[in-house]
Amino acid sequence: MPDAGRTLPRNDPRQYDDLAGEWWRPDGAFAMLHWLAEARAALVPPASRPGALLVDLGCGAGLLAPHLAGKGYRHVGVDLTRSALEQAAAHGVTAINGDATAVPLVDGCADVVAAGELLEHVPDWRRAVAEACRLLRPGGLLVLDTLNDTALSRLLAVRIAERLPTVPRGIHDPRLFVDARALVAECARHGVDLRLRGIRPGLPGLLGWLARRMRAAGRPGATPGGRPGATAAGPTPRIVPTWSTAVLYQGRGTRSG
């Protein structure tokens with residue numbers, strides 16, 4: 001859990017060490033990352049050849065891994081946080097401690113590159129995009145999701161979300177949010193035709209999940225910071241398409257040959 005004796009800057013990678021025990025808790029601080037991982041994996045088709053490689057940039061504790069099971073990929077995860085990589089390795093991911101803007105893998109090695117909830121945490125997202133595209137073989141697939149650089153996104157993802165007992169404080173720096181049109185243009189510059197769609201958590205599941213979390217946060221035995229030790233079981237919220245990319249959006253694109 002976070003160290004109550006220190007205050008970290010927004011988007012400081014050390015937060016992920018402080019929150020290391022939260023990664024695989026279904027109703028923990030990273031619950032929404034589980035929902036997004038499932039939605040991202042749905043964009044990935046079964047492998048088209050033996051030995052196909054999927055490179056998972058900013059893989060965290062490997063939350064994508066269960067949703068790729070049976071698709072036939074060798075799953076390589078790249079992340080800066082060693083405590084997260086240890087957990088990713090325990091879930092079958094080949095873990096590499098590295099920076100998404102300077103990945104220690106050869107050009108054109110990947111059939112798929114996934115960059116989930118990464119770009120809005122990278123000080124230079126254009127370099128991360130260049131690396132993702134560099135890793136793709138011709139015909140390879142890029143899948144990603146991130147937060148748009150809009151006033152609405154900053155309002156919902158930072159000012160409102162961080163007031164709830166469900167989102168770590170300071171996990172995002174809104175100055176790093178990624179303009180959707182600029183991202184499409186940058187991918188095109190590197191040979192990837194990226195198509196976007198807006199996404200959001202389905203409302204009934206989200207409201208039910210929030211209610212469970214808030215009830216649990218008020219029970220005796222809740223952990224410091226309002227994070228409960230457990231919550232009652234209930235349906236997992238699903239990520240669904242929406243008409244607007246103004247807040248959260250997915251991208252899917254293929255590298256030209």
# chains A, B, ... in the order shown; residues from 1 in each chain; ligands from 1

$ select_by_dssp --residues "region 29-191 of chain A" --states "strand (DSSP E or B)" --output "count of residues only"
36

$ closest_atom_pairs --of "region 82-129 of chain A" --to "region 180-197 of chain A" --cutoff "9 Å" --atoms "only C-alpha atoms" --output "Markdown table"
| residue | atom | partner | partner_atom | distance |
| --- | --- | --- | --- | --- |
| A:Trp125 | CA | A:Leu183 | CA | 8.8 |
| A:Arg126 | CA | A:Glu186 | CA | 7.0 |
| A:Val129 | CA | A:Cys187 | CA | 6.8 |

$ residues_around --residues "region 29-40 of chain A" --least-positions-apart "4" --cutoff "6 Å" --atoms "only C-alpha atoms" --output "mmCIF file with C-alpha atoms, in the first residue's frame"
data_model
loop_
_atom_site.group_PDB
_atom_site.id
_atom_site.type_symbol
_atom_site.label_atom_id
_atom_site.label_comp_id
_atom_site.auth_asym_id
_atom_site.auth_seq_id
_atom_site.Cartn_x
_atom_site.Cartn_y
_atom_site.Cartn_z
ATOM 1 C CA GLU A 22 -3.234 -3.921 -5.830
ATOM 2 C CA TRP A 23 -2.533 -5.239 -9.338
ATOM 3 C CA LEU A 64 -3.348 -8.724 -20.476
ATOM 4 C CA HIS A 67 -7.135 -12.595 -21.992
ATOM 5 C CA THR A 166 -11.395 3.759 -6.360
ATOM 6 C CA VAL A 167 -8.606 5.698 -8.093
#

$ select_by_dssp --residues "region 120-231 of chain A" --states "helix (DSSP H, G or I)" --output "ChimeraX atom specification"
/A:120-121,125-135,151-163,174-176,180-189,203-217,224-226

$ residues_around --residues "Thr236 (chain A)" --least-positions-apart "2" --cutoff "8 Å" --atoms "only C-alpha atoms" --output "number ranges by chain"
A: 35, 205, 209, 234, 238

$ closest_residue --among "A:Pro241, A:Pro66, A:Gly108, A:Gly116" --to "Ala90 (chain A)" --atoms "only C-alpha atoms"
A:Pro66

$ closest_residue --among "A:Gly28, A:Gly21, A:Pro138, A:Pro174" --to "Ala84 (chain A)" --atoms "only C-alpha atoms"
A:Gly21

$ atom_distance --atom1 "CA of Leu80 (chain A)" --atom2 "CA of Leu105 (chain A)"
15.0 Å

$ residues_around --residues "Leu68 (chain A)" --least-positions-apart "6" --cutoff "9 Å" --atoms "only C-alpha atoms" --output "MDAnalysis selection string"
chainID A and resid 38 41:42 44 46 75
